[in-house]
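Structure file entry.txt with compact mmCIF, C-alpha atoms:
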# COMPACT_ATOMS: atom_id res chain seq x y z
CA MET E 14 128.92 70.43 54.70
CA GLU E 15 131.89 69.30 52.62
CA LYS E 16 132.34 71.21 49.38
CA GLU E 17 132.25 69.43 46.04
CA ARG E 18 135.65 69.47 44.42
CA ASP E 19 135.75 69.87 40.66
CA SER E 20 138.38 67.84 38.83
CA ARG E 21 138.82 70.91 36.63
CA ARG E 22 140.80 73.40 38.75
CA GLU E 23 140.27 77.14 38.68
CA VAL E 24 143.01 79.23 37.10
CA TRP E 25 142.80 82.99 37.51
CA PHE E 26 145.21 85.09 35.45
CA ASP E 27 146.53 87.82 37.72
CA GLY E 28 146.79 90.90 35.51
CA ARG E 29 147.09 93.49 38.26
CA ASN E 30 150.76 94.21 37.58
CA LEU E 31 150.64 93.71 33.82
CA PRO E 32 151.80 96.89 32.04
CA ILE E 33 149.20 98.34 29.71
CA GLU E 34 151.71 98.28 26.83
CA ARG E 35 151.92 94.49 27.00
CA GLN E 36 148.96 94.11 24.65
CA GLU E 37 150.41 90.92 23.17
CA ILE E 38 149.83 89.22 26.52
CA TRP E 39 146.24 90.44 26.77
CA SER E 40 145.71 89.23 23.22
CA LEU E 41 147.09 85.81 24.12
CA ILE E 42 144.80 85.58 27.17
CA ASN E 43 141.84 86.71 25.05
CA ASN E 44 142.46 83.84 22.62
CA SER E 45 143.04 81.26 25.34
CA ILE E 46 140.69 79.19 27.47
CA ILE E 47 141.33 81.51 30.45
CA GLU E 48 138.30 83.61 31.36
CA LYS E 49 138.90 84.38 35.04
CA ILE E 50 141.12 87.42 35.53
CA ILE E 51 142.19 89.42 38.58
CA LEU E 52 142.19 93.19 38.02
CA THR E 53 142.57 96.38 40.01
CA LYS E 54 139.56 98.69 40.19
CA PRO E 55 141.26 101.25 37.87
CA GLN E 56 141.99 98.51 35.31
CA TRP E 57 138.34 97.48 35.43
CA ASP E 58 137.19 101.08 34.97
CA GLU E 59 139.56 101.61 32.03
CA GLY E 60 138.44 98.41 30.30
CA HIS E 61 141.93 96.94 29.80
CA TYR E 62 140.91 93.27 29.75
CA PRO E 63 139.25 90.76 27.39
CA LEU E 64 135.48 91.15 26.97
CA LYS E 65 134.91 87.54 28.09
CA THR E 66 136.44 88.28 31.50
CA GLN E 67 134.96 86.89 34.69
CA ALA E 68 136.48 89.42 37.05
CA MET E 69 137.96 89.28 40.50
CA ILE E 70 138.56 92.92 41.41
CA GLU E 71 140.99 94.10 44.05
CA ILE E 72 139.23 96.66 46.24
CA SER E 73 140.67 99.10 48.77
CA THR E 74 137.67 101.27 49.77
CA ARG E 75 133.92 101.02 50.33
CA GLU E 76 133.43 103.61 47.62
CA GLU E 77 135.01 101.26 45.08
CA ILE E 78 132.54 98.55 46.07
CA ASP E 79 129.62 100.99 45.74
CA ASP E 80 130.91 101.94 42.29
CA LEU E 81 130.86 98.37 40.96
CA SER E 82 128.18 98.03 38.30
CA ILE E 83 128.34 94.21 38.19
CA GLU E 84 128.27 91.37 40.69
CA ALA E 85 132.02 90.72 40.74
CA THR E 86 134.22 88.73 43.06
CA VAL E 87 135.83 91.22 45.43
CA LEU E 88 139.43 90.64 46.55
CA SER E 89 140.92 92.25 49.62
CA LYS E 90 143.04 91.72 52.71
CA ASP E 91 140.56 93.87 54.65
CA GLN E 92 137.88 91.56 56.04
CA ASN E 93 135.64 94.50 56.96
CA LEU E 94 135.54 95.49 53.30
CA LEU E 95 134.74 91.92 52.33
CA HIS E 96 131.81 91.76 54.75
CA TYR E 97 130.52 94.99 53.19
CA ALA E 98 130.94 93.52 49.69
CA LYS E 99 129.12 90.36 50.75
CA ALA E 100 126.20 92.46 51.97
CA LYS E 101 126.12 94.00 48.50
CA SER E 102 125.70 90.49 46.98
CA HIS E 103 129.24 90.21 45.68
CA LYS E 104 131.32 87.06 45.96
CA THR E 105 134.38 87.52 48.14
CA CYS E 106 138.02 86.46 48.16
CA VAL E 107 140.19 87.07 51.20
CA PHE E 108 143.97 87.30 50.77
CA PHE E 109 146.31 86.05 53.48
CA ASP E 110 150.06 86.59 53.26
CA ILE E 111 150.96 84.05 55.93
CA VAL E 112 154.14 84.23 58.01
CA GLY E 113 154.45 81.66 60.76
CA ARG E 114 152.23 79.12 62.45
CA THR E 115 150.11 81.57 64.44
CA ALA E 116 149.11 83.43 61.29
CA LEU E 117 148.28 80.12 59.59
CA GLU E 118 145.97 79.05 62.43
CA SER E 119 144.19 82.41 62.36
CA ALA E 120 143.88 82.38 58.57
CA TRP E 121 142.14 79.05 58.18
CA GLN E 122 139.54 79.95 60.79
CA ASP E 123 138.71 83.25 59.07
CA ALA E 124 138.86 81.75 55.57
CA ALA E 125 135.66 79.78 56.03
CA ASN E 126 133.67 83.04 55.81
CA TYR E 127 134.51 83.68 52.15
CA ASP E 128 133.92 82.18 48.71
CA TYR E 129 137.64 82.16 47.93
CA THR E 130 140.78 82.19 50.00
CA LEU E 131 144.01 83.31 48.32
CA VAL E 132 147.00 82.24 50.41
CA ASP E 133 150.69 82.94 50.02
CA PHE E 134 153.46 81.88 52.38
CA ASP E 135 156.81 83.23 53.48
CA LEU E 136 158.75 80.03 52.70
CA PRO E 137 158.88 77.93 49.49
CA THR E 138 157.60 74.77 51.18
CA ASN E 139 154.24 73.12 50.49
CA ILE E 140 153.67 72.17 54.13
CA PRO E 141 151.59 75.30 54.95
CA LEU E 142 149.45 74.66 51.88
CA GLU E 143 148.96 71.04 52.96
CA LEU E 144 147.89 72.20 56.42
CA ILE E 145 145.38 74.75 55.17
CA ILE E 146 143.92 72.26 52.67
CA ALA E 147 143.48 69.76 55.48
CA ARG E 148 141.89 72.36 57.77
CA LEU E 149 139.44 73.63 55.13
CA GLN E 150 138.48 70.41 53.37
CA GLN E 151 135.11 70.36 55.17
CA GLY E 152 134.38 73.99 54.30
CA LYS E 153 132.99 75.69 51.22
CA THR E 154 135.76 78.19 50.55
CA ASN E 155 137.89 77.57 47.43
CA ILE E 156 141.62 77.69 48.14
CA LEU E 157 143.80 79.55 45.64
CA LYS E 158 147.61 79.79 45.64
CA PRO E 159 149.71 82.32 43.66
CA VAL E 160 152.10 80.79 41.09
CA SER E 161 154.29 82.14 38.31
CA THR E 162 155.16 78.97 36.37
CA LEU E 163 153.40 75.90 34.98
CA THR E 164 155.59 73.70 37.17
CA ASP E 165 154.42 75.48 40.33
CA MET E 166 150.82 75.15 39.13
CA GLU E 167 151.12 71.39 38.67
CA VAL E 168 152.68 71.07 42.14
CA CYS E 169 149.80 73.01 43.73
CA PHE E 170 147.26 70.76 42.03
CA GLY E 171 149.08 67.69 43.33
CA VAL E 172 149.55 68.63 46.99
CA MET E 173 148.02 65.95 49.24
CA GLU E 174 146.61 64.30 46.09
CA GLN E 175 143.55 66.57 46.00
CA GLY E 176 145.58 69.78 45.68
CA SER E 177 144.40 73.36 45.92
CA ASP E 178 141.09 74.27 44.28
CA GLY E 179 142.91 76.62 41.98
CA VAL E 180 145.75 79.06 41.44
CA THR E 181 146.29 82.67 40.52
CA PHE E 182 148.85 82.77 37.74
CA ALA E 183 150.97 85.89 37.23
CA SER E 184 153.71 86.20 34.61
CA THR E 185 154.97 88.50 31.89
CA ASP E 186 156.98 85.68 30.30
CA ILE E 187 155.13 85.01 27.05
CA HIS E 188 156.58 81.50 26.77
CA GLU E 189 155.43 80.54 30.27
CA ILE E 190 151.96 81.92 29.57
CA ILE E 191 151.75 79.84 26.39
CA LYS E 192 152.73 76.73 28.35
CA VAL E 193 149.98 77.35 30.89
CA CYS E 194 147.41 78.01 28.16
CA ASP E 195 148.41 74.77 26.39
CA PHE E 196 148.15 72.88 29.68
CA LEU E 197 144.64 74.18 30.29
CA GLN E 198 143.58 73.33 26.75
CA LYS E 199 144.80 69.76 27.23
CA ASP E 200 142.84 69.54 30.46
CA THR E 201 139.60 70.12 28.55
CA ILE E 202 139.92 66.67 26.95
CA ALA E 203 137.80 64.88 29.55
CA LYS E 204 136.41 61.99 27.53
CA LEU E 205 137.07 60.19 24.26
CA ASN E 206 134.44 58.51 22.13
CA LEU E 207 135.62 54.90 22.05
CA GLN E 208 134.35 52.62 19.29
CA PRO E 209 133.98 48.82 18.95
CA LEU E 210 136.53 47.40 16.51
CA THR E 211 135.81 44.12 14.74
CA VAL E 212 138.98 42.06 14.31
CA THR E 213 139.64 41.04 10.70
CA GLU E 214 143.12 39.53 10.97
CA VAL E 215 145.51 38.19 13.60
CA ARG E 216 148.96 37.22 12.41
CA HIS E 217 152.39 36.35 13.86
CA ILE E 218 154.93 38.60 12.12
CA GLY E 219 158.26 37.54 13.64
CA MET E 220 160.76 39.26 15.88
CA GLY E 221 161.01 42.99 16.48
CA LEU E 222 161.49 45.70 19.07
CA ARG E 223 158.64 46.41 21.46
CA SER E 224 158.41 49.03 24.20
CA CYS E 225 156.84 49.04 27.64
CA ILE E 226 155.65 52.39 28.99
CA ASP E 227 156.36 52.57 32.73
CA THR E 228 154.63 55.51 34.41
CA THR E 229 155.01 57.27 37.74
CA GLY E 230 151.37 56.50 38.60
CA LEU E 231 149.26 53.41 39.13
CA MET E 232 146.53 52.26 36.75
CA THR E 233 143.40 50.24 37.41
CA GLN E 234 142.09 47.14 35.65
CA ASP E 235 139.84 49.14 33.32
CA GLU E 236 142.65 51.49 32.21
CA GLY E 237 145.31 51.37 29.54
CA MET E 238 146.65 53.37 26.61
CA LEU E 239 145.62 53.86 23.00
CA ILE E 240 148.23 52.31 20.74
CA GLY E 241 148.09 52.13 16.95
CA SER E 242 150.29 51.71 13.89
CA THR E 243 148.57 54.57 12.06
CA SER E 244 147.16 57.94 13.05
CA GLN E 245 143.69 56.76 11.99
CA GLY E 246 143.25 55.37 15.46
CA GLY E 247 144.43 53.15 18.27
CA ILE E 248 143.34 50.09 20.20
CA LEU E 249 143.09 50.13 24.00
CA VAL E 250 146.02 48.09 25.31
CA CYS E 251 145.50 47.18 28.97
CA SER E 252 147.69 48.06 31.90
CA GLU E 253 149.51 45.16 33.55
CA THR E 254 146.88 44.89 36.28
CA HIS E 255 145.46 41.49 35.30
CA HIS E 256 146.38 38.05 36.60
CA LEU E 257 149.86 36.78 35.74
CA PRO E 258 150.57 33.29 37.14
CA TYR E 259 154.37 33.53 37.08
CA MET E 260 155.15 37.12 38.05
CA ASN E 261 153.95 40.10 40.07
CA LEU E 262 151.63 42.65 38.50
CA ARG E 263 153.02 45.93 37.19
CA PRO E 264 150.15 48.41 37.64
CA PHE E 265 152.39 51.26 36.49
CA ARG E 266 153.03 49.62 33.09
CA VAL E 267 151.48 49.23 29.68
CA ASN E 268 153.28 46.72 27.46
CA ALA E 269 152.49 48.97 24.55
CA GLY E 270 153.76 47.41 21.36
CA ALA E 271 156.21 47.69 18.49
CA VAL E 272 158.48 50.71 18.55
CA HIS E 273 157.01 52.33 15.43
CA SER E 274 153.61 52.63 17.14
CA TYR E 275 151.75 55.78 18.08
CA VAL E 276 150.54 56.41 21.63
CA TRP E 277 147.89 59.06 22.21
CA MET E 278 148.90 62.11 24.24
CA PRO E 279 147.06 64.60 26.51
CA ASN E 280 146.91 67.35 23.85
CA ASN E 281 145.17 65.14 21.27
CA THR E 282 148.40 64.43 19.46
CA ALA E 283 150.02 61.05 18.97
CA GLU E 284 153.71 60.37 19.42
CA TYR E 285 155.94 57.50 18.43
CA LEU E 286 156.94 55.24 21.28
CA THR E 287 160.57 55.96 20.40
CA ASP E 288 159.99 59.67 21.12
CA LEU E 289 158.91 59.05 24.72
CA ALA E 290 161.37 59.52 27.57
CA ALA E 291 161.33 60.01 31.34
CA GLY E 292 159.17 63.06 32.02
CA SER E 293 156.95 62.68 28.94
CA HIS E 294 153.19 62.75 29.44
CA VAL E 295 150.82 60.14 28.02
CA LEU E 296 147.08 59.67 28.03
CA CYS E 297 145.65 57.02 30.35
CA VAL E 298 142.21 55.92 29.12
CA ASN E 299 139.54 53.77 30.78
CA THR E 300 136.78 51.67 29.24
CA GLN E 301 134.33 54.60 29.45
CA GLY E 302 136.66 56.85 27.47
CA GLU E 303 137.52 58.92 30.53
CA VAL E 304 141.10 60.14 30.43
CA ARG E 305 143.84 61.34 32.72
CA THR E 306 147.47 62.27 32.25
CA LEU E 307 150.33 60.12 33.51
CA SER E 308 154.03 60.95 33.55
CA VAL E 309 156.50 58.52 32.00
CA GLY E 310 159.15 57.19 34.35
CA ARG E 311 160.90 54.86 31.90
CA ILE E 312 160.62 53.36 28.44
CA LYS E 313 161.82 49.75 28.31
CA THR E 314 162.55 48.35 24.85
CA GLU E 315 163.47 44.75 24.12
CA VAL E 316 163.47 42.24 21.25
CA ARG E 317 160.31 40.13 21.35
CA PRO E 318 158.08 38.11 18.98
CA LEU E 319 155.33 40.33 17.59
CA LEU E 320 151.64 39.88 16.81
CA LEU E 321 149.63 41.95 14.30
CA ILE E 322 146.00 42.59 15.23
CA LYS E 323 144.01 44.31 12.50
CA GLY E 324 140.38 45.38 12.47
CA GLU E 325 137.73 47.82 11.34
CA ALA E 326 136.01 50.49 13.40
CA ALA E 327 133.62 53.17 12.15
CA GLY E 328 134.57 52.32 8.58
CA LYS E 329 138.31 52.71 9.13
CA GLU E 330 141.04 50.10 9.25
CA ILE E 331 143.12 50.19 12.42
CA ASN E 332 145.90 47.91 13.56
CA VAL E 333 148.20 47.42 16.49
CA ILE E 334 151.35 45.31 16.73
CA VAL E 335 151.96 43.99 20.23
CA GLN E 336 154.22 41.46 21.88
CA ASP E 337 153.18 37.94 20.81
CA ASP E 338 152.41 36.56 24.27
CA TRP E 339 149.40 35.36 26.23
CA HIS E 340 150.02 37.80 29.09
CA ILE E 341 149.47 40.87 26.88
CA ARG E 342 145.88 42.04 27.35
CA ILE E 343 143.79 44.02 24.85
CA MET E 344 140.54 45.54 26.06
CA GLY E 345 137.40 43.98 24.58
CA ALA E 346 134.47 46.11 23.44
CA ASP E 347 132.56 44.67 26.41
CA GLY E 348 135.09 46.22 28.82
CA LYS E 349 136.73 42.89 29.61
CA PRO E 350 140.41 42.18 28.83
CA LYS E 351 141.34 39.60 26.20
CA ASN E 352 144.62 37.73 26.04
CA ALA E 353 146.36 38.85 22.86
CA THR E 354 147.20 35.35 21.63
CA LEU E 355 143.57 34.20 22.06
CA ILE E 356 142.07 36.97 19.91
CA ASN E 357 140.44 35.77 16.68
CA PRO E 358 138.82 37.39 13.63
CA GLY E 359 135.29 38.43 14.54
CA ASP E 360 136.19 39.39 18.10
CA GLN E 361 135.40 42.96 19.13
CA LEU E 362 137.95 45.22 20.80
CA LEU E 363 137.77 48.75 22.19
CA SER E 364 139.32 51.41 19.94
CA TYR E 365 139.56 55.11 19.23
CA VAL E 366 139.05 56.40 15.70
CA GLY E 367 140.94 59.57 14.85
CA GLU E 368 141.63 61.72 11.85
CA PRO E 369 144.58 60.54 9.73
CA GLY E 370 147.40 62.85 8.77
CA ARG E 371 150.02 63.84 11.29
CA HIS E 372 153.40 65.51 11.15
CA VAL E 373 155.62 64.89 14.20
CA GLY E 374 152.45 63.67 15.90
CA ILE E 375 150.44 66.85 15.28
CA LYS E 376 147.24 66.69 13.24
CA VAL E 377 147.59 68.38 9.85
CA ASN E 378 145.11 68.77 7.04
CA GLU E 379 146.60 66.84 4.18
CA THR E 380 145.83 63.84 2.01
CA ILE E 381 147.44 60.77 3.50
CA LEU E 382 146.93 57.04 3.23
CA GLU E 383 148.26 54.71 5.91
CA LYS E 384 148.09 50.91 5.95
For the file at hand, write its structure as structure tokens.
Amino acid sequence: MEKERDSRREVWFDGRNLPIERQEIWSLINNSIIEKIILTKPQWDEGHYPLKTQAMIEISTREEIDDLSIEATVLSKDQNLLHYAKAKSHKTCVFFDIVGRTALESAWQDAANYDYTLVDFDLPTNIPLELIIARLQQGKTNILKPVSTLTDMEVCFGVMEQGSDGVTFASTDIHEIIKVCDFLQKDTIAKLNLQPLTVTEVRHIGMGLRSCIDTTGLMTQDEGMLIGSTSQGGILVCSETHHLPYMNLRPFRVNAGAVHSYVWMPNNTAEYLTDLAAGSHVLCVNTQGEVRTLSVGRIKTEVRPLLLIKGEAAGKEINVIVQDDWHIRIMGADGKPKNATLINPGDQLLSYVGEPGRHVGIKVNETILEK
């Protein structure tokens, strides 16, 4: 039976080699979203870990398994120990340090016997990880890969599109740990509550600079980005995935709007279009409010005629200024795209209502009025 893959990947913090004096790191983990932690048996006995910990405990003897007072996940290279732990109703994680093709073939066959499989390789190529993912995709074991940076984590999650089921993250670099914790916090934003916006005004406002956001991914016809002139909220501007009679579609692009505009980001902040650059991350949103993160490949800014679309949603006034052209699509509240130049007062669009008041895109608690 094929396992069900969760879009939320598992991240285990590997604290086995973390010095006891590094309490600032344990404090950071305790105040983060990370709950799954790998420990040695002595660390577990001494209690040097956050109280919320879901533990994976490295075991080296049967006596250590007998001494466990909880149903933990047992980690070991010794498969005999793991079979003993399984008989004691513990979850199991086998560790393979793979060198060469023969070891890889042996590992994937044995891995199917355990709840988790932690694999490391002798060379810094992703090909062995791709092979073991392919071999085990029909099994129930969850594949974990050791990493020490956020970049390596993102690569693991992207291998062969589906990626590994999770990673074990080990680092004593406080800045790298903060980056990983921030990344995981962003990943908890799974859905936004989109609201119908009733259009109150549509007006041609003359020439100005507008920016297209070109991403390194492809969007679908029900996806776009939230763009707005104020931090009170944004309107869902469609991706260029809808019929254009004179040119090819650009499914990687959102013709976002005037350069002063905000675009909503993965960490629930909003940034000016002018602050985006190659490598930035933006929030891709569909008509159901489901979100994913896309990387920016290019920002293209040109002089174009502009159109102001203003409306009210949930008692708040929101507006967006987009290129004044028929081919620009804004998502209707019914989930169907509307040509920007055919929108009229009374029409309903899809929008997101946020809390006003931002400094460099970050929400702050202050009195602010935006029009």
What are the centre and the three edge lengths of an axis-aligned box that wraps all atoms of segment 346-360 of chain E in the file, given that 3 Å is added to every side, written as JSON and rounded to one decimal in Å?
{"center_x": 139.9, "center_y": 40.2, "center_z": 21.6, "size_x": 20.6, "size_y": 18.0, "size_z": 22.0}
### Straight-line distance linking atom CA of Leu296 of chain E with atom CA of Pro279 of chain E, stated in Å to one decimal
5.2 Å
Give me, as a compact mmCIF listing (two decimals) with C-alpha atoms, in the frame of the given file, all polymer residues having an atom no more than 6 Å from Thr154 of chain E, counting all atoms listed in the file and skipping those fewer than 2 positions away in the same chain.
# COMPACT_ATOMS: atom_id res chain seq x y z
CA ALA E 125 135.66 79.78 56.03
CA TYR E 127 134.51 83.68 52.15
CA ASP E 128 133.92 82.18 48.71
CA TYR E 129 137.64 82.16 47.93
CA GLY E 152 134.38 73.99 54.30
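For the choices E:Pro63, E:Gly324, E:Pro159, E:Gly230, the atom-to-atom distance to Ser184 of chain E is smallest for E:Pro159 when using only C-alpha atoms.
Using all atoms listed in the file, the residues found no farther than 12 Å from Gln36 of chain E, other than those of its own chain fewer than 4 positions away, are Gly28, Leu31, Pro32, Ser40, Leu41, Ile42, Asn43, His61, Tyr62, Pro63, Thr185 and Ile187 of chain E.
For the choices E:Ser177, E:Gln122, E:Thr282, E:Thr66, the atom-to-atom distance to Val107 of chain E is smallest for E:Gln122 when using all atoms listed in the file.
In this structure, atom CA of Leu95 of chain E sits 25.4 Å away from atom CA of Leu64 of chain E.
With atom CA of Pro209 of chain E on one side and atom CA of Asp338 of chain E on the other, the separation reads 22.8 Å.
Each of E:Leu249, E:Cys297, E:Ala290, E:Ile226 was checked against Asn268 of chain E using all atoms listed in the file; the smallest atom-to-atom distance is that of E:Ile226.
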### Task
Name the residues in contact with Thr86 of chain E at a cut-off of 8 Å, using only C-alpha atoms, excluding same-chain residues fewer than 2 positions from it; report them as number ranges by chain.
E: 68-70, 84, 88, 103-106
Hey, can you spit out that residue selection with C-alpha atoms as a PDB file, in the frame of the given file?
ATOM      1  CA  ALA E  68     136.480  89.420  37.050  1.00  0.00           C
ATOM      2  CA  MET E  69     137.960  89.280  40.500  1.00  0.00           C
ATOM      3  CA  ILE E  70     138.560  92.920  41.410  1.00  0.00           C
ATOM      4  CA  GLU E  84     128.270  91.370  40.690  1.00  0.00           C
ATOM      5  CA  LEU E  88     139.430  90.640  46.550  1.00  0.00           C
ATOM      6  CA  HIS E 103     129.240  90.210  45.680  1.00  0.00           C
ATOM      7  CA  LYS E 104     131.320  87.060  45.960  1.00  0.00           C
ATOM      8  CA  THR E 105     134.380  87.520  48.140  1.00  0.00           C
ATOM      9  CA  CYS E 106     138.020  86.460  48.160  1.00  0.00           C
TER      10      CYS E 106
END
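Using all atoms listed in the file, the nearest neighbour of Ile322 of chain E within the list E:Leu210, E:Val215, E:Ala124, E:Met344 is E:Val215.
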Will you model all heavy atoms for segment 313-322 of chain E and pass it back as an mmCIF file, in the frame of the given file?
data_model
loop_
_atom_site.group_PDB
_atom_site.id
_atom_site.type_symbol
_atom_site.label_atom_id
_atom_site.label_comp_id
_atom_site.auth_asym_id
_atom_site.auth_seq_id
_atom_site.Cartn_x
_atom_site.Cartn_y
_atom_site.Cartn_z
ATOM 1 N N LYS E 313 161.008 50.962 28.337
ATOM 2 C CA LYS E 313 161.820 49.750 28.310
ATOM 3 C C LYS E 313 161.595 49.039 26.980
ATOM 4 O O LYS E 313 160.475 48.620 26.674
ATOM 5 C CB LYS E 313 161.449 48.837 29.492
ATOM 6 C CG LYS E 313 162.381 47.639 29.676
ATOM 7 C CD LYS E 313 162.218 47.048 31.076
ATOM 8 C CE LYS E 313 160.930 46.257 31.199
ATOM 9 N NZ LYS E 313 161.067 44.858 30.756
ATOM 10 N N THR E 314 162.649 48.931 26.189
ATOM 11 C CA THR E 314 162.550 48.350 24.850
ATOM 12 C C THR E 314 163.401 47.100 24.741
ATOM 13 O O THR E 314 164.570 47.110 25.129
ATOM 14 C CB THR E 314 162.996 49.381 23.780
ATOM 15 O OG1 THR E 314 162.166 50.554 23.891
ATOM 16 C CG2 THR E 314 162.874 48.810 22.375
ATOM 17 N N GLU E 315 162.785 46.030 24.230
ATOM 18 C CA GLU E 315 163.470 44.750 24.120
ATOM 19 C C GLU E 315 163.026 44.030 22.846
ATOM 20 O O GLU E 315 161.977 44.349 22.276
ATOM 21 C CB GLU E 315 163.136 43.871 25.332
ATOM 22 C CG GLU E 315 163.578 44.464 26.664
ATOM 23 C CD GLU E 315 162.822 43.877 27.844
ATOM 24 O OE1 GLU E 315 161.579 43.861 27.807
ATOM 25 O OE2 GLU E 315 163.479 43.452 28.805
ATOM 26 N N VAL E 316 163.829 43.063 22.412
ATOM 27 C CA VAL E 316 163.470 42.240 21.250
ATOM 28 C C VAL E 316 162.491 41.159 21.694
ATOM 29 O O VAL E 316 162.761 40.411 22.651
ATOM 30 C CB VAL E 316 164.721 41.604 20.621
ATOM 31 C CG1 VAL E 316 164.328 40.682 19.464
ATOM 32 C CG2 VAL E 316 165.685 42.689 20.140
ATOM 33 N N ARG E 317 161.344 41.102 21.015
ATOM 34 C CA ARG E 317 160.310 40.130 21.350
ATOM 35 C C ARG E 317 159.591 39.672 20.073
ATOM 36 O O ARG E 317 159.579 40.392 19.075
ATOM 37 C CB ARG E 317 159.283 40.753 22.316
ATOM 38 C CG ARG E 317 159.822 41.067 23.704
ATOM 39 C CD ARG E 317 160.117 39.798 24.491
ATOM 40 N NE ARG E 317 160.476 40.075 25.877
ATOM 41 C CZ ARG E 317 161.701 40.252 26.312
ATOM 42 N NH1 ARG E 317 162.732 40.214 25.462
ATOM 43 N NH2 ARG E 317 161.940 40.488 27.592
ATOM 44 N N PRO E 318 158.946 38.488 20.088
ATOM 45 C CA PRO E 318 158.080 38.110 18.980
ATOM 46 C C PRO E 318 156.871 39.032 18.943
ATOM 47 O O PRO E 318 156.381 39.456 20.001
ATOM 48 C CB PRO E 318 157.693 36.664 19.310
ATOM 49 C CG PRO E 318 157.866 36.545 20.780
ATOM 50 C CD PRO E 318 158.992 37.448 21.147
ATOM 51 N N LEU E 319 156.398 39.344 17.738
ATOM 52 C CA LEU E 319 155.330 40.330 17.590
ATOM 53 C C LEU E 319 154.089 39.734 16.937
ATOM 54 O O LEU E 319 154.180 38.804 16.124
ATOM 55 C CB LEU E 319 155.831 41.524 16.766
ATOM 56 C CG LEU E 319 157.014 42.298 17.367
ATOM 57 C CD1 LEU E 319 157.458 43.394 16.420
ATOM 58 C CD2 LEU E 319 156.658 42.877 18.731
ATOM 59 N N LEU E 320 152.934 40.348 17.289
ATOM 60 C CA LEU E 320 151.640 39.880 16.810
ATOM 61 C C LEU E 320 150.880 41.068 16.205
ATOM 62 O O LEU E 320 150.712 42.095 16.855
ATOM 63 C CB LEU E 320 150.833 39.288 17.976
ATOM 64 C CG LEU E 320 149.466 38.684 17.658
ATOM 65 C CD1 LEU E 320 149.638 37.365 16.895
ATOM 66 C CD2 LEU E 320 148.677 38.448 18.957
ATOM 67 N N LEU E 321 150.431 40.919 14.959
ATOM 68 C CA LEU E 321 149.630 41.950 14.300
ATOM 69 C C LEU E 321 148.151 41.671 14.539
ATOM 70 O O LEU E 321 147.649 40.577 14.272
ATOM 71 C CB LEU E 321 149.905 41.951 12.795
ATOM 72 C CG LEU E 321 148.944 42.770 11.923
ATOM 73 C CD1 LEU E 321 149.086 44.258 12.201
ATOM 74 C CD2 LEU E 321 149.181 42.477 10.444
ATOM 75 N N ILE E 322 147.443 42.670 15.056
ATOM 76 C CA ILE E 322 146.000 42.590 15.230
ATOM 77 C C ILE E 322 145.379 43.713 14.410
ATOM 78 O O ILE E 322 145.644 44.894 14.661
ATOM 79 C CB ILE E 322 145.597 42.723 16.711
ATOM 80 C CG1 ILE E 322 146.258 41.621 17.549
ATOM 81 C CG2 ILE E 322 144.078 42.684 16.871
ATOM 82 C CD1 ILE E 322 146.058 41.803 19.051
#
